Structure formats: C-alpha cells, structure tokens
$ cat final.cif   # mmCIF, C-alpha atoms
data_model
#
loop_
_atom_site.label_atom_id
_atom_site.label_comp_id
_atom_site.auth_asym_id
_atom_site.auth_seq_id
_atom_site.Cartn_x
_atom_site.Cartn_y
_atom_site.Cartn_z
CA MET I 1044 -9.52 -25.06 -7.61
CA ASN I 1045 -10.79 -22.09 -5.60
CA ILE I 1046 -8.53 -19.84 -3.52
CA LEU I 1047 -9.83 -21.09 -0.17
CA THR I 1048 -8.91 -24.67 -1.02
CA THR I 1049 -5.50 -23.51 -2.21
CA LEU I 1050 -4.91 -21.62 1.03
CA LYS I 1051 -6.00 -24.62 3.07
CA LEU I 1052 -3.59 -26.91 1.24
CA ALA I 1053 -0.78 -24.38 1.49
CA PHE I 1054 -1.10 -23.90 5.25
CA ARG I 1055 -1.49 -27.65 5.77
CA ALA I 1056 1.79 -28.23 3.91
CA LEU I 1057 3.56 -25.55 5.94
CA TRP I 1058 2.20 -26.95 9.19
CA ARG I 1059 3.49 -30.42 8.38
CA ASN I 1060 7.02 -28.97 8.43
CA LYS I 1061 6.68 -26.45 11.26
CA VAL I 1062 10.36 -26.22 12.21
CA ARG I 1063 11.52 -25.86 8.63
CA SER I 1064 8.85 -23.25 7.92
CA LEU I 1065 9.86 -21.27 11.01
CA LEU I 1066 13.54 -21.38 10.12
CA THR I 1067 12.70 -20.26 6.59
CA MET I 1068 10.72 -17.30 7.90
CA LEU I 1069 13.54 -16.12 10.17
CA GLY I 1070 15.37 -14.48 7.28
CA ILE I 1071 12.26 -12.44 6.46
CA VAL I 1072 11.58 -11.72 10.15
CA PHE I 1073 15.06 -10.41 10.87
CA GLY I 1074 15.27 -8.60 7.54
CA ILE I 1075 12.07 -6.61 8.09
CA GLY I 1076 12.78 -6.15 11.80
CA ALA I 1077 16.23 -4.78 10.98
CA VAL I 1078 14.88 -2.41 8.32
CA ILE I 1079 12.29 -0.95 10.70
CA ALA I 1080 14.63 -0.74 13.69
CA MET I 1081 17.38 0.88 11.64
CA VAL I 1082 15.07 3.44 10.05
CA ALA I 1083 13.54 4.22 13.45
CA GLY I 1084 17.01 4.51 14.94
CA GLY I 1085 18.10 6.83 12.14
CA GLN I 1086 15.07 9.04 12.68
CA GLY I 1087 15.69 9.09 16.42
CA ALA I 1088 19.35 10.02 15.94
CA GLN I 1089 18.43 12.77 13.49
CA ALA I 1090 15.83 14.15 15.88
CA SER I 1091 18.44 14.06 18.65
CA VAL I 1092 20.88 16.08 16.53
CA ARG I 1093 18.14 18.58 15.65
CA GLN I 1094 17.29 18.91 19.34
CA VAL I 1095 20.92 19.61 20.19
CA PHE I 1096 20.95 22.33 17.53
CA GLN I 1097 17.75 23.84 18.91
CA ASN I 1098 19.17 23.73 22.42
CA LEU I 1099 22.21 25.68 21.26
CA GLY I 1100 19.85 28.46 20.22
CA THR I 1101 17.95 29.66 17.20
CA ASN I 1102 20.11 30.99 14.33
CA VAL I 1103 23.10 31.43 16.60
CA ILE I 1104 26.75 32.23 16.05
CA GLN I 1105 29.42 32.77 18.71
CA VAL I 1106 32.03 35.54 18.62
CA MET I 1107 35.02 34.82 20.84
CA ASN I 1108 38.30 36.38 21.80
CA GLY I 1109 41.32 35.34 19.75
CA SER I 1110 44.60 33.71 20.71
CA GLN I 1111 48.05 35.11 21.33
CA SER I 1112 51.56 33.72 21.21
CA SER I 1113 54.17 33.97 23.91
CA GLY I 1114 57.73 32.74 23.45
CA GLY I 1115 56.72 30.86 20.30
CA ALA I 1116 53.90 29.05 22.08
CA ALA I 1117 50.39 29.78 20.83
CA GLY I 1118 47.74 30.29 23.46
CA GLY I 1119 44.30 28.77 23.11
CA MET I 1120 41.17 30.47 21.87
CA GLY I 1121 40.26 33.31 24.23
CA SER I 1122 43.80 33.82 25.52
CA LYS I 1123 43.92 37.30 23.93
CA MET I 1124 41.33 39.79 25.16
CA SER I 1125 40.14 41.66 22.07
CA LEU I 1126 36.34 41.95 22.29
CA THR I 1127 35.05 45.05 24.04
CA TRP I 1128 31.66 46.24 25.26
CA ASP I 1129 31.76 48.81 22.48
CA ASP I 1130 32.14 45.94 20.00
CA LEU I 1131 28.96 44.42 21.40
CA ALA I 1132 27.07 47.69 20.88
CA ALA I 1133 28.45 48.02 17.35
CA ILE I 1134 27.38 44.49 16.37
CA GLN I 1135 23.94 45.14 17.82
CA ASP I 1136 23.50 48.28 15.69
CA PRO I 1137 21.34 47.38 12.63
CA ALA I 1138 23.22 49.98 10.61
CA ASN I 1139 26.39 47.88 10.96
CA VAL I 1140 25.02 44.32 10.81
CA PRO I 1141 21.39 44.35 9.61
CA THR I 1142 21.01 40.54 9.85
CA VAL I 1143 21.57 40.46 13.63
CA HIS I 1144 18.52 40.00 15.83
CA TRP I 1145 19.95 39.82 19.37
CA VAL I 1146 23.39 39.97 20.96
CA ALA I 1147 24.19 38.85 24.49
CA PRO I 1148 27.49 38.71 26.40
CA LEU I 1149 28.32 35.40 28.03
CA LEU I 1150 30.99 35.28 30.73
CA ASN I 1151 31.71 32.06 32.58
CA THR I 1152 33.86 30.41 35.19
CA ARG I 1153 33.86 27.23 37.26
CA GLY I 1154 32.96 27.65 40.89
CA GLN I 1155 31.74 25.99 44.04
CA VAL I 1156 28.07 26.67 44.71
CA SER I 1157 26.41 25.75 47.98
CA SER I 1158 23.06 25.74 49.73
CA ASP I 1159 22.54 25.36 53.47
CA GLU I 1160 23.15 21.60 53.34
CA GLN I 1161 24.73 20.74 49.96
CA ASN I 1162 27.45 22.01 47.64
CA TRP I 1163 28.23 21.47 43.98
CA ASN I 1164 30.95 22.49 41.52
CA THR I 1165 29.37 23.94 38.40
CA THR I 1166 29.69 26.57 35.67
CA VAL I 1167 28.61 30.08 36.61
CA TYR I 1168 27.51 32.31 33.74
CA GLY I 1169 27.09 36.07 33.64
CA THR I 1170 24.72 37.38 30.98
CA THR I 1171 21.63 39.46 30.26
CA ALA I 1172 17.95 38.66 29.71
CA VAL I 1173 18.53 38.49 25.95
CA TRP I 1174 20.58 35.30 26.31
CA PHE I 1175 17.54 33.35 27.47
CA LYS I 1176 15.65 34.50 24.36
CA ILE I 1177 18.52 33.47 22.10
CA ARG I 1178 18.68 30.04 23.72
CA ASN I 1179 14.87 29.59 23.70
CA TRP I 1180 15.20 28.77 27.38
CA ASP I 1181 12.33 29.31 29.80
CA ALA I 1182 11.97 28.57 33.48
CA SER I 1183 10.13 25.51 34.75
CA ALA I 1184 9.75 27.24 38.12
CA GLY I 1185 10.03 30.94 38.94
CA SER I 1186 11.29 33.12 36.09
CA VAL I 1187 14.38 34.04 34.11
CA PHE I 1188 15.77 37.57 34.06
CA ASP I 1189 13.76 40.35 32.50
CA GLU I 1190 15.41 43.40 30.92
CA ASP I 1191 15.72 45.25 34.23
CA THR I 1192 17.05 42.41 36.38
CA GLY I 1193 19.33 41.14 33.60
CA ASN I 1194 21.06 44.54 33.36
CA SER I 1195 21.20 45.10 37.10
CA ASN I 1196 23.78 44.25 39.74
CA GLN I 1197 21.34 42.35 41.92
CA LYS I 1198 22.56 39.21 43.64
CA ILE I 1199 20.06 36.86 42.04
CA ALA I 1200 20.52 33.57 40.19
CA VAL I 1201 18.72 31.27 37.79
CA ILE I 1202 19.88 27.65 38.12
CA GLY I 1203 19.76 24.57 35.91
CA ALA I 1204 17.85 21.42 36.70
CA THR I 1205 21.02 19.51 37.64
CA VAL I 1206 22.08 22.19 40.12
CA GLN I 1207 18.60 22.19 41.67
CA LYS I 1208 18.76 18.41 42.06
CA GLN I 1209 22.16 18.59 43.74
CA LEU I 1210 21.55 21.56 46.04
CA PHE I 1211 17.85 21.11 46.82
CA PRO I 1212 17.10 17.38 46.43
CA SER I 1213 14.08 17.44 48.71
CA GLY I 1214 12.46 20.80 48.06
CA ALA I 1215 11.80 23.73 45.73
CA ALA I 1216 14.72 26.01 44.91
CA VAL I 1217 12.90 29.25 44.02
CA GLY I 1218 13.20 31.74 46.84
CA GLN I 1219 16.08 29.83 48.46
CA VAL I 1220 19.58 31.24 48.91
CA ILE I 1221 22.72 29.78 47.38
CA ARG I 1222 26.30 30.93 47.85
CA ILE I 1223 28.74 31.53 45.02
CA SER I 1224 32.31 32.28 46.15
CA GLY I 1225 30.91 32.89 49.60
CA GLN I 1226 28.40 35.49 48.41
CA PRO I 1227 24.63 34.89 48.89
CA TYR I 1228 22.31 34.88 45.85
CA GLU I 1229 18.56 34.44 45.78
CA VAL I 1230 17.31 31.78 43.36
CA THR I 1231 14.61 33.38 41.18
CA GLY I 1232 14.12 30.57 38.66
CA VAL I 1233 14.91 27.00 37.65
CA LEU I 1234 15.47 26.41 33.93
CA ASP I 1235 13.68 23.80 31.84
CA SER I 1236 15.80 20.69 31.45
CA LYS I 1237 17.66 20.42 28.14
CA GLY I 1238 19.66 17.28 28.86
CA ALA I 1239 23.03 16.45 27.34
CA GLY I 1240 24.64 18.58 24.66
CA PRO I 1241 27.93 18.67 22.71
CA MET I 1242 29.77 20.02 25.77
CA GLY I 1243 28.14 17.78 28.38
CA ASP I 1244 25.23 18.34 30.76
CA MET I 1245 23.46 21.50 29.62
CA ASP I 1246 21.49 21.70 32.88
CA ASP I 1247 24.60 21.97 35.05
CA LEU I 1248 24.83 25.76 35.32
CA VAL I 1249 24.06 28.87 37.35
CA VAL I 1250 23.24 32.16 35.61
CA ILE I 1251 23.63 35.56 37.27
CA PRO I 1252 23.33 39.12 35.84
CA VAL I 1253 26.42 40.15 33.90
CA LYS I 1254 27.12 43.25 36.00
CA THR I 1255 26.89 41.19 39.17
CA TYR I 1256 29.28 38.69 37.62
CA GLN I 1257 31.80 41.43 36.81
CA GLN I 1258 31.61 43.04 40.22
CA LYS I 1259 31.61 39.89 42.36
CA LEU I 1260 33.54 37.34 40.31
CA GLU I 1261 35.80 39.51 38.14
CA LYS I 1262 36.21 42.12 40.90
CA GLY I 1263 35.52 45.24 38.87
CA LEU I 1264 34.18 46.42 35.54
CA ALA I 1265 36.60 45.97 32.65
CA LYS I 1266 36.87 47.29 29.11
CA TYR I 1267 37.21 43.85 27.62
CA ILE I 1268 34.66 41.04 27.58
CA LYS I 1269 36.29 38.07 29.27
CA GLY I 1270 34.00 35.62 27.53
CA GLN I 1271 32.09 35.59 24.27
CA LEU I 1272 29.23 37.20 22.41
CA VAL I 1273 26.24 35.08 21.48
CA VAL I 1274 24.62 36.46 18.35
CA SER I 1275 21.17 35.52 17.05
CA MET I 1276 20.37 36.10 13.38
CA MET I 1277 17.11 37.02 11.72
CA SER I 1278 16.88 33.72 9.80
CA ASP I 1279 18.71 30.42 9.28
CA ASP I 1280 20.15 31.25 5.88
CA GLN I 1281 22.02 34.39 6.97
CA GLY I 1282 24.96 32.69 8.65
CA ASP I 1283 27.61 33.42 6.01
CA ALA I 1284 26.45 37.00 5.46
CA THR I 1285 26.34 37.71 9.21
CA ILE I 1286 29.79 36.22 9.80
CA ALA I 1287 31.24 38.26 6.92
CA SER I 1288 29.64 41.48 8.20
CA ILE I 1289 30.82 40.96 11.80
CA THR I 1290 34.31 40.02 10.59
CA ASN I 1291 34.63 43.19 8.53
CA LEU I 1292 33.20 45.32 11.34
CA LEU I 1293 35.54 43.94 14.03
CA ARG I 1294 38.61 44.08 11.80
CA ASP I 1295 37.84 47.72 11.10
CA ARG I 1296 37.20 48.51 14.77
CA HIS I 1297 40.37 46.70 15.87
CA LYS I 1298 42.38 48.45 13.13
CA LEU I 1299 43.72 45.27 11.55
CA ASP I 1300 45.35 45.59 8.14
CA ALA I 1301 45.29 42.99 5.36
CA SER I 1302 48.51 41.33 6.60
CA GLN I 1303 47.19 40.72 10.10
CA ASP I 1304 45.10 37.76 11.20
CA ASP I 1305 41.80 38.18 12.98
CA ASP I 1306 42.20 38.76 16.73
CA PHE I 1307 38.85 37.10 17.33
CA ARG I 1308 37.11 33.88 16.36
CA ILE I 1309 33.60 33.27 15.04
CA ARG I 1310 31.95 29.87 15.38
CA ASN I 1311 28.73 28.79 13.76
CA PRO I 1312 27.13 25.89 15.72
CA ALA I 1313 24.87 25.25 12.72
CA GLU I 1314 27.91 23.93 10.83
CA PHE I 1315 28.61 21.47 13.63
CA ALA I 1316 24.96 20.40 13.68
CA LYS I 1317 24.92 20.00 9.90
CA ALA I 1318 28.08 17.88 9.98
CA GLN I 1319 26.53 15.70 12.67
CA GLN I 1320 23.31 15.43 10.66
CA ASP I 1321 25.19 14.43 7.50
CA SER I 1322 27.16 11.81 9.41
CA THR I 1323 23.97 10.44 10.95
CA ASN I 1324 22.28 10.30 7.54
CA ARG I 1325 25.16 8.33 6.04
CA ILE I 1326 25.13 5.85 8.90
CA ALA I 1327 21.35 5.50 8.60
CA TRP I 1328 21.62 4.73 4.88
CA LEU I 1329 24.36 2.19 5.53
CA LEU I 1330 22.19 0.44 8.09
CA LYS I 1331 19.26 0.42 5.65
CA ILE I 1332 21.44 -1.24 3.01
CA VAL I 1333 22.61 -3.88 5.49
CA ALA I 1334 19.00 -4.55 6.50
CA ALA I 1335 17.92 -4.77 2.85
CA VAL I 1336 20.67 -7.31 2.16
CA SER I 1337 19.38 -9.32 5.11
CA LEU I 1338 15.89 -9.27 3.58
CA PHE I 1339 17.29 -10.38 0.22
CA VAL I 1340 19.13 -13.26 1.88
CA GLY I 1341 15.85 -14.23 3.56
CA GLY I 1342 14.23 -14.37 0.13
CA ILE I 1343 16.92 -16.71 -1.13
CA GLY I 1344 16.19 -18.94 1.86
CA VAL I 1345 12.51 -19.03 0.90
CA MET I 1346 13.36 -20.08 -2.66
CA ASN I 1347 15.79 -22.72 -1.45
CA ILE I 1348 13.24 -24.32 0.89
CA MET I 1349 10.49 -24.20 -1.73
CA LEU I 1350 12.76 -25.97 -4.23
CA VAL I 1351 13.44 -28.66 -1.61
CA SER I 1352 9.71 -28.90 -0.98
CA VAL I 1353 9.02 -29.44 -4.71
CA ILE I 1354 11.52 -32.32 -4.80
CA GLU I 1355 10.13 -33.90 -1.64
CA ARG I 1356 6.56 -33.67 -2.89
CA THR I 1357 7.15 -34.81 -6.46
CA ARG I 1358 4.98 -37.93 -6.01
CA GLU I 1359 2.22 -35.85 -4.37
CA ILE I 1360 2.29 -33.49 -7.37
CA GLY I 1361 2.01 -36.46 -9.73
CA ILE I 1362 -1.03 -37.83 -7.85
CA ARG I 1363 -2.77 -34.45 -7.90
CA MET I 1364 -2.17 -34.08 -11.62
CA ALA I 1365 -3.41 -37.61 -12.21
CA VAL I 1366 -6.76 -36.81 -10.53
CA GLY I 1367 -7.28 -33.66 -12.59
CA ALA I 1368 -5.21 -30.83 -11.10
CA ARG I 1369 -4.01 -28.42 -13.78
CA PRO I 1370 -0.45 -27.01 -13.95
CA ILE I 1371 -1.85 -23.59 -12.93
CA ASP I 1372 -3.32 -25.20 -9.79
CA ILE I 1373 0.02 -26.71 -8.85
CA MET I 1374 1.86 -23.46 -9.52
CA THR I 1375 -0.69 -21.46 -7.49
CA GLN I 1376 -0.41 -23.77 -4.50
CA PHE I 1377 3.37 -23.46 -4.26
CA LEU I 1378 3.23 -19.73 -4.92
CA VAL I 1379 0.68 -19.31 -2.12
CA GLU I 1380 2.90 -21.32 0.23
CA SER I 1381 5.81 -19.07 -0.54
CA LEU I 1382 3.68 -15.95 -0.14
CA ALA I 1383 2.30 -17.25 3.18
CA LEU I 1384 5.82 -17.79 4.50
CA ALA I 1385 6.78 -14.24 3.54
CA ALA I 1386 3.55 -12.71 4.91
CA ILE I 1387 3.79 -14.44 8.29
CA GLY I 1388 7.47 -13.60 8.45
CA GLY I 1389 6.57 -9.99 7.58
CA LEU I 1390 4.09 -9.73 10.46
CA LEU I 1391 6.59 -11.15 12.91
CA GLY I 1392 9.20 -8.79 11.47
CA LEU I 1393 6.90 -5.80 12.12
CA ALA I 1394 6.61 -6.87 15.77
CA LEU I 1395 10.37 -7.36 16.02
CA GLY I 1396 11.00 -3.95 14.43
CA TRP I 1397 8.61 -2.29 16.89
CA GLU I 1398 10.42 -3.83 19.84
CA GLY I 1399 13.81 -3.01 18.34
CA ALA I 1400 12.82 0.63 17.86
CA HIS I 1401 11.60 0.79 21.48
CA PHE I 1402 14.84 -0.73 22.75
CA MET I 1403 17.06 1.65 20.77
CA ALA I 1404 15.05 4.69 21.87
CA GLY I 1405 15.36 3.67 25.51
CA TYR I 1406 19.01 2.65 25.30
CA PHE I 1407 20.25 5.77 23.48
CA GLY I 1408 17.81 8.13 25.19
CA TRP I 1409 16.22 9.56 22.07
CA GLN I 1410 12.61 9.95 20.99
CA PHE I 1411 10.75 6.79 19.94
CA PHE I 1412 9.79 6.64 16.28
CA PHE I 1413 7.90 3.92 14.46
CA PRO I 1414 8.23 4.54 10.71
CA ALA I 1415 4.76 3.44 9.62
CA ALA I 1416 5.39 4.17 5.94
CA THR I 1417 8.66 2.22 6.01
CA ALA I 1418 6.92 -0.64 7.83
CA MET I 1419 4.22 -0.87 5.15
CA ILE I 1420 6.82 -0.74 2.40
CA ALA I 1421 8.90 -3.43 4.12
CA PHE I 1422 5.84 -5.64 4.51
CA ALA I 1423 4.98 -5.15 0.84
CA VAL I 1424 8.57 -5.96 -0.08
CA ALA I 1425 8.31 -9.15 1.98
CA GLY I 1426 5.25 -10.13 -0.03
CA GLY I 1427 7.15 -9.34 -3.21
CA VAL I 1428 10.06 -11.47 -1.99
CA GLY I 1429 7.62 -14.34 -1.45
CA VAL I 1430 6.26 -14.00 -4.97
CA VAL I 1431 9.57 -13.42 -6.75
CA PHE I 1432 11.55 -16.11 -4.95
CA GLY I 1433 8.65 -18.55 -4.90
CA LEU I 1434 7.83 -18.15 -8.59
CA TYR I 1435 10.63 -20.34 -9.92
CA PRO I 1436 9.90 -23.31 -7.58
CA ALA I 1437 6.17 -22.96 -8.38
CA ILE I 1438 6.78 -22.98 -12.12
CA ARG I 1439 9.12 -25.93 -11.79
CA ALA I 1440 6.47 -27.87 -9.83
CA SER I 1441 3.77 -27.11 -12.45
CA GLN I 1442 5.95 -28.38 -15.28
CA LEU I 1443 6.58 -31.85 -13.82
CA ASP I 1444 5.49 -34.72 -16.02
CA PRO I 1445 2.65 -36.59 -14.20
CA ILE I 1446 3.90 -40.06 -15.23
CA THR I 1447 7.47 -39.31 -14.11
CA ALA I 1448 6.17 -37.78 -10.89
CA LEU I 1449 4.09 -40.88 -10.09
CA ARG I 1450 7.14 -43.09 -10.52
CA TYR I 1451 9.29 -40.86 -8.28
CA GLU I 1452 10.53 -42.59 -5.12
CA THR I 1453 11.32 -40.50 -2.03
#

$ encode --input "final.cif" --output "structure tokens"
Amino acid sequence: MNILTTLKLAFRALWRNKVRSLLTMLGIVFGIGAVIAMVAGGQGAQASVRQVFQNLGTNVIQVMNGSQSSGGAAGGMGSKMSLTWDDLAAIQDPANVPTVHWVAPLLNTRGQVSSDEQNWNTTVYGTTAVWFKIRNWDASAGSVFDEDTGNSNQKIAVIGATVQKQLFPSGAAVGQVIRISGQPYEVTGVLDSKGAGPMGDMDDLVVIPVKTYQQKLEKGLAKYIKGQLVVSMMSDDQGDATIASITNLLRDRHKLDASQDDDFRIRNPAEFAKAQQDSTNRIAWLLKIVAAVSLFVGGIGVMNIMLVSVIERTREIGIRMAVGARPIDIMTQFLVESLALAAIGGLLGLALGWEGAHFMAGYFGWQFFFPAATAMIAFAVAGGVGVVFGLYPAIRASQLDPITALRYET
C-alpha cells in the first residue's frame, strides 16, 4: 500500500469521528500552546528585568549616607549626614579608586511643580551633566545639561515624560517656564520615556543643576551631601572591587577604626537585578515543566483514543487482512492516524502559542517574543508524541488474528 493511500484512509477514519478527533487533539494543542506561551513569557519577563537594570544605569553603584540612633531608636538610611563634597572628589580620583568611570551627586526632594495652567507633585533632583551619562538618558526634545550648565546655578530644568504630560498636555514643554517652590525655571529638555522601574514611574521627575538645587531648595551651600553619590564603573565585573575600594577610602577619610561600623551605605543595583533575573528564570523553568507535563498528558490521550479505535475497528481490520493487507500496512495506517492527530494538534498549538504570547506581552507590558526555535522543537515533540504513543495501538492492531477479527461483533 502506498503512502498516499495510507494517508487517505487515515484522514477518512479521523473525519468519521470528528468530535473525538478534536477532543483528542486538544491535549496536544494546549500542551504546545502552553510551552510556547510560557517560554515567550519567560523571555519577555527576562527582557523586562534587563531593561530595568539598563534604566538604572550602566555599571552603577550607589553610595548613600548612613543611619544614626537617637534614644535607642535607629534612624533610616540617610538619617546621618556623612558624605561630603570632598568625598565625591576623592572617589572620582583614579589614584584612589581606579575602577570608577564617573561620579555624580544626586540630591532629591518632593515638591509641587506648576505651569501656567497645571500643577503636579513630583520628585525634584539636583545633579550634574554626568548623571545623564551614567543613566544612559537622553532627551527626546531639547537637551540635557552639558558640563557648563550642569555645574552652574542657572534656573533651568529637564523634565520627565510624565511631568510633561501633566503640565503641558496640549503643547511642547521646551522653552516653557515651570515653577518649583514658587521659583521660575526654564524647561530646556524632556527626557526619553523609561517607563516603570523598581521605585515606580521613572518618568515622574524634574532635574535641575545641583548648585541651583542647593541654593534654592536647600537654602545655601553645605559641606555635606544631602543625598547620594551615583558611581559608574569601568566594566560590569568590577562591582566587588569598586565597593571594597570605596569602603576602604571612606572609612579612612571618616577616621573610622575597626570597632566602628560604616557611617555610609553602598548599594549595588546589579545585585537586585540579578536576584530578579534568577527568580524569573526559576519561574520560567517551572512553567516549562508544567507545559511539558500537559503535552505528555495529551500524548496519553492520543494513545487512549487510538486503542479505543483499534477495538472499534477490529472487524474492519479483519476484512482488510482477508483481502490481502499485510500487518505492516495495518500498523502504518494506525501510526499515520496517530501522527496526523499530533501534527494537526501541533499546528493549532503553534497558533494558540502565538496568540498567548501576544496576550501576555500586551497584558504585562513587556516586549513580544515568539520563540521560533522552541516552537519548532515543540512541534517536533508533538510529532514524536504521535509516533511514540501511537506505536503500541498500531502494533496491537497489526497483530490481530484475521479469523478472530472477522468474527468480532461490535
């Protein structure tokens, strides 16, 4: 019997039992769809975590003021002013910390910001031009600070996309005037949108030069940095070495002996990002396992239905053998039926996986991924499921005794 005849007979048999064939395929459909959707979702989540890390800055660590105790109650991080402007200069000196690329001060406070018609409560930052380089943050309109404006006391501001939307919903912000604590500032740039981050909306901010911040919002220049230092390293793998060098430098500058705790704190956002990435990877693997189990269960369903089909068609098998069909022909027919169920289910599963990946990307707000390699592997696995789980029913059908089969009553 040639393959075309076998295929024709197989599809005719499946079509005779359309509902049962469809129900049998559902296990394969949902199994493959789940595998693809889960892998796509895992890739999207991982890309989202990587994007958050990139938004925090390239090779960045944060040096913050420490905490102090009063009456037995410990204050929070930053409650003790210990970082000075001289500390910033010392950290920036390659002779002290050779792995440091850039250092920028970052002062911040919450404040009411207004335009002629709107107002908005946001975070106001004071920093230099270097901070924008550390954060890999450019302007979508206008420009960020350059070295001169960032170190000046000009009353200028760069605003985030959220602030622009709230204060200037119907027009461009660059060149307009906003008021911070009653003082007018000219908007010189609007930052590219970065979306949500670990601390909330990253676009909800106003940035002014650090000297302007000190004079207008802190009311005078101070010895201590009432904020933090954002430090960019030369490469990703220098985090531990940089932290150790800065720790030793600041302890020496602050004259702390071995019995005293650090009066500052150093945070490495890369550790947070790595922990998030590891957690995402574990969840992704768990989802893959669940999807694989679903595919396995679908294969069992195929075998179960094919065994039922062999029993129902025992007399048909006997007639075919009686007119000359060989055991290999019988086995091939049932194997092809099983493979056809798995293949059709696989194609429908690919479509379901595509739609599932689209839905998850839209719902969670991450980038759409369609794992083509995983899809091909899943489709191949579906074919393998059809062969493996259809082999036993096919062999059983081919080994029926023709005489017994002819006498079988349904």

$ resolve_selection --input "final.cif" --expression "the PyMOL selection byres ((chain I and resi 1175) around 12)" --output "ChimeraX atom specification"
/I:1098-1101,1145-1149,1168-1174,1176-1182,1186-1190,1193,1201,1234-1235,1250-1252,1273-1275

$ closest_residue --input "final.cif" --among "I:Lys1198, I:His1401, I:Arg1063, I:Arg1363" --to "Ile1223 (chain I)" --atoms "all atoms listed in the file"
I:Lys1198

$ residues_around --input "final.cif" --residues "Gln1410 (chain I)" --least-positions-apart "4" --cutoff "10 Å" --atoms "all atoms listed in the file" --output "list in words"
Ala1083, Gly1084, Gln1086, Gly1087, Ala1088, Gln1089, Ala1090, Ser1091, Ala1400, His1401, Met1403, Ala1404 and Gly1405 of chain I

$ residues_around --input "final.cif" --residues "Leu1330 (chain I)" --least-positions-apart "5" --cutoff "8 Å" --atoms "all atoms listed in the file" --output "list in words"
Val1078, Met1081 and Val1082 of chain I

$ atom_distance --input "final.cif" --atom1 "CA of Gly1076 (chain I)" --atom2 "CA of Thr1375 (chain I)"
28.1 Å

$ atom_distance --input "final.cif" --atom1 "CA of Val1062 (chain I)" --atom2 "CA of Gly1361 (chain I)"
25.6 Å

$ residues_around --input "final.cif" --residues "Ala1421 (chain I)" --least-positions-apart "5" --cutoff "9 Å" --atoms "only C-alpha atoms" --output "PyMOL selection string"
chain I and resi 1074-1075+1078-1079+1389+1393+1416+1426

$ residues_around --input "final.cif" --residues "Val1336 (chain I)" --least-positions-apart "2" --cutoff "12 Å" --atoms "only C-alpha atoms" --output "MDAnalysis selection string"
chainID I and resid 1070:1071 1073:1075 1077:1078 1329:1334 1338:1343

$ resolve_selection --input "final.cif" --expression "the PyMOL selection byres ((chain I and resi 1141) around 12)" --output "VMD selection string"
chain I and resid 1133 to 1140 1142 to 1145 1275 to 1278 1281 1284 to 1289 1292

$ atom_distance --input "final.cif" --atom1 "CA of Val1428 (chain I)" --atom2 "CA of Ala1385 (chain I)"
7.0 Å

$ residues_around --input "final.cif" --residues "Met1364 (chain I)" --least-positions-apart "5" --cutoff "9 Å" --atoms "all atoms listed in the file" --output "list in words"
Glu1359, Arg1369, Pro1370, Ile1373, Asp1444 and Pro1445 of chain I

$ closest_residue --input "final.cif" --among "I:Ser1302, I:Thr1417, I:Thr1127, I:Ser1224" --to "Gln1155 (chain I)" --atoms "only C-alpha atoms"
I:Ser1224

$ closest_residue --input "final.cif" --among "I:Gln1376, I:Thr1290, I:Thr1231, I:Asn1196" --to "Thr1255 (chain I)" --atoms "only C-alpha atoms"
I:Asn1196

$ closest_residue --input "final.cif" --among "I:Gly1367, I:Gly1396, I:Gly1270, I:Gly1218" --to "Lys1123 (chain I)" --atoms "only C-alpha atoms"
I:Gly1270

$ closest_residue --input "final.cif" --among "I:Leu1382, I:Ala1415, I:Ile1268, I:Leu1434" --to "Leu1131 (chain I)" --atoms "all atoms listed in the file"
I:Ile1268

$ resolve_selection --input "final.cif" --expression "the PyMOL selection byres ((chain I and resi 1107) around 7)" --output "list in words"
Gln1105, Val1106, Asn1108, Gly1109, Gly1121, Gly1270, Gln1271, Leu1272, Phe1307, Arg1308 and Ile1309 of chain I

$ write_last_selection --input "final.cif" --atoms "C-alpha atoms" --output "PDB file, keeping the file's coordinate frame"
ATOM      1  CA  GLN I1105      29.420  32.770  18.710  1.00  0.00           C
ATOM      2  CA  VAL I1106      32.030  35.540  18.620  1.00  0.00           C
ATOM      3  CA  ASN I1108      38.300  36.380  21.800  1.00  0.00           C
ATOM      4  CA  GLY I1109      41.320  35.340  19.750  1.00  0.00           C
ATOM      5  CA  GLY I1121      40.260  33.310  24.230  1.00  0.00           C
ATOM      6  CA  GLY I1270      34.000  35.620  27.530  1.00  0.00           C
ATOM      7  CA  GLN I1271      32.090  35.590  24.270  1.00  0.00           C
ATOM      8  CA  LEU I1272      29.230  37.200  22.410  1.00  0.00           C
ATOM      9  CA  PHE I1307      38.850  37.100  17.330  1.00  0.00           C
ATOM     10  CA  ARG I1308      37.110  33.880  16.360  1.00  0.00           C
ATOM     11  CA  ILE I1309      33.600  33.270  15.040  1.00  0.00           C
TER      12      ILE I1309
END

$ build_atoms --input "final.cif" --residues "region 1136-1148 of chain I" --atoms "N, CA and C atoms" --output "mmCIF file, in the frame of the given file"
data_model
loop_
_atom_site.group_PDB
_atom_site.id
_atom_site.type_symbol
_atom_site.label_atom_id
_atom_site.label_comp_id
_atom_site.auth_asym_id
_atom_site.auth_seq_id
_atom_site.Cartn_x
_atom_site.Cartn_y
_atom_site.Cartn_z
ATOM 1 N N ASP I 1136 24.045 47.164 16.477
ATOM 2 C CA ASP I 1136 23.500 48.280 15.690
ATOM 3 C C ASP I 1136 23.090 47.781 14.303
ATOM 4 N N PRO I 1137 21.800 47.859 13.947
ATOM 5 C CA PRO I 1137 21.340 47.380 12.630
ATOM 6 C C PRO I 1137 22.025 48.070 11.459
ATOM 7 N N ALA I 1138 22.529 49.271 11.689
ATOM 8 C CA ALA I 1138 23.220 49.980 10.610
ATOM 9 C C ALA I 1138 24.530 49.296 10.250
ATOM 10 N N ASN I 1139 25.126 48.572 11.207
ATOM 11 C CA ASN I 1139 26.390 47.880 10.960
ATOM 12 C C ASN I 1139 26.186 46.447 10.484
ATOM 13 N N VAL I 1140 25.302 45.720 11.172
ATOM 14 C CA VAL I 1140 25.020 44.320 10.810
ATOM 15 C C VAL I 1140 23.502 44.142 10.794
ATOM 16 N N PRO I 1141 22.863 44.371 9.663
ATOM 17 C CA PRO I 1141 21.390 44.350 9.610
ATOM 18 C C PRO I 1141 20.778 42.966 9.829
ATOM 19 N N THR I 1142 21.566 41.894 9.697
ATOM 20 C CA THR I 1142 21.010 40.540 9.850
ATOM 21 C C THR I 1142 20.992 40.067 11.300
ATOM 22 N N VAL I 1143 21.526 40.860 12.219
ATOM 23 C CA VAL I 1143 21.570 40.460 13.630
ATOM 24 C C VAL I 1143 20.250 40.791 14.309
ATOM 25 N N HIS I 1144 19.752 39.815 15.075
ATOM 26 C CA HIS I 1144 18.520 40.000 15.830
ATOM 27 C C HIS I 1144 18.823 40.402 17.272
ATOM 28 N N TRP I 1145 19.563 39.540 17.986
ATOM 29 C CA TRP I 1145 19.950 39.820 19.370
ATOM 30 C C TRP I 1145 21.429 39.554 19.558
ATOM 31 N N VAL I 1146 22.005 40.230 20.549
ATOM 32 C CA VAL I 1146 23.390 39.970 20.960
ATOM 33 C C VAL I 1146 23.428 39.957 22.483
ATOM 34 N N ALA I 1147 24.074 38.947 23.031
ATOM 35 C CA ALA I 1147 24.190 38.850 24.490
ATOM 36 C C ALA I 1147 25.622 38.488 24.862
ATOM 37 N N PRO I 1148 26.176 39.126 25.901
ATOM 38 C CA PRO I 1148 27.490 38.710 26.400
ATOM 39 C C PRO I 1148 27.331 37.437 27.216
#
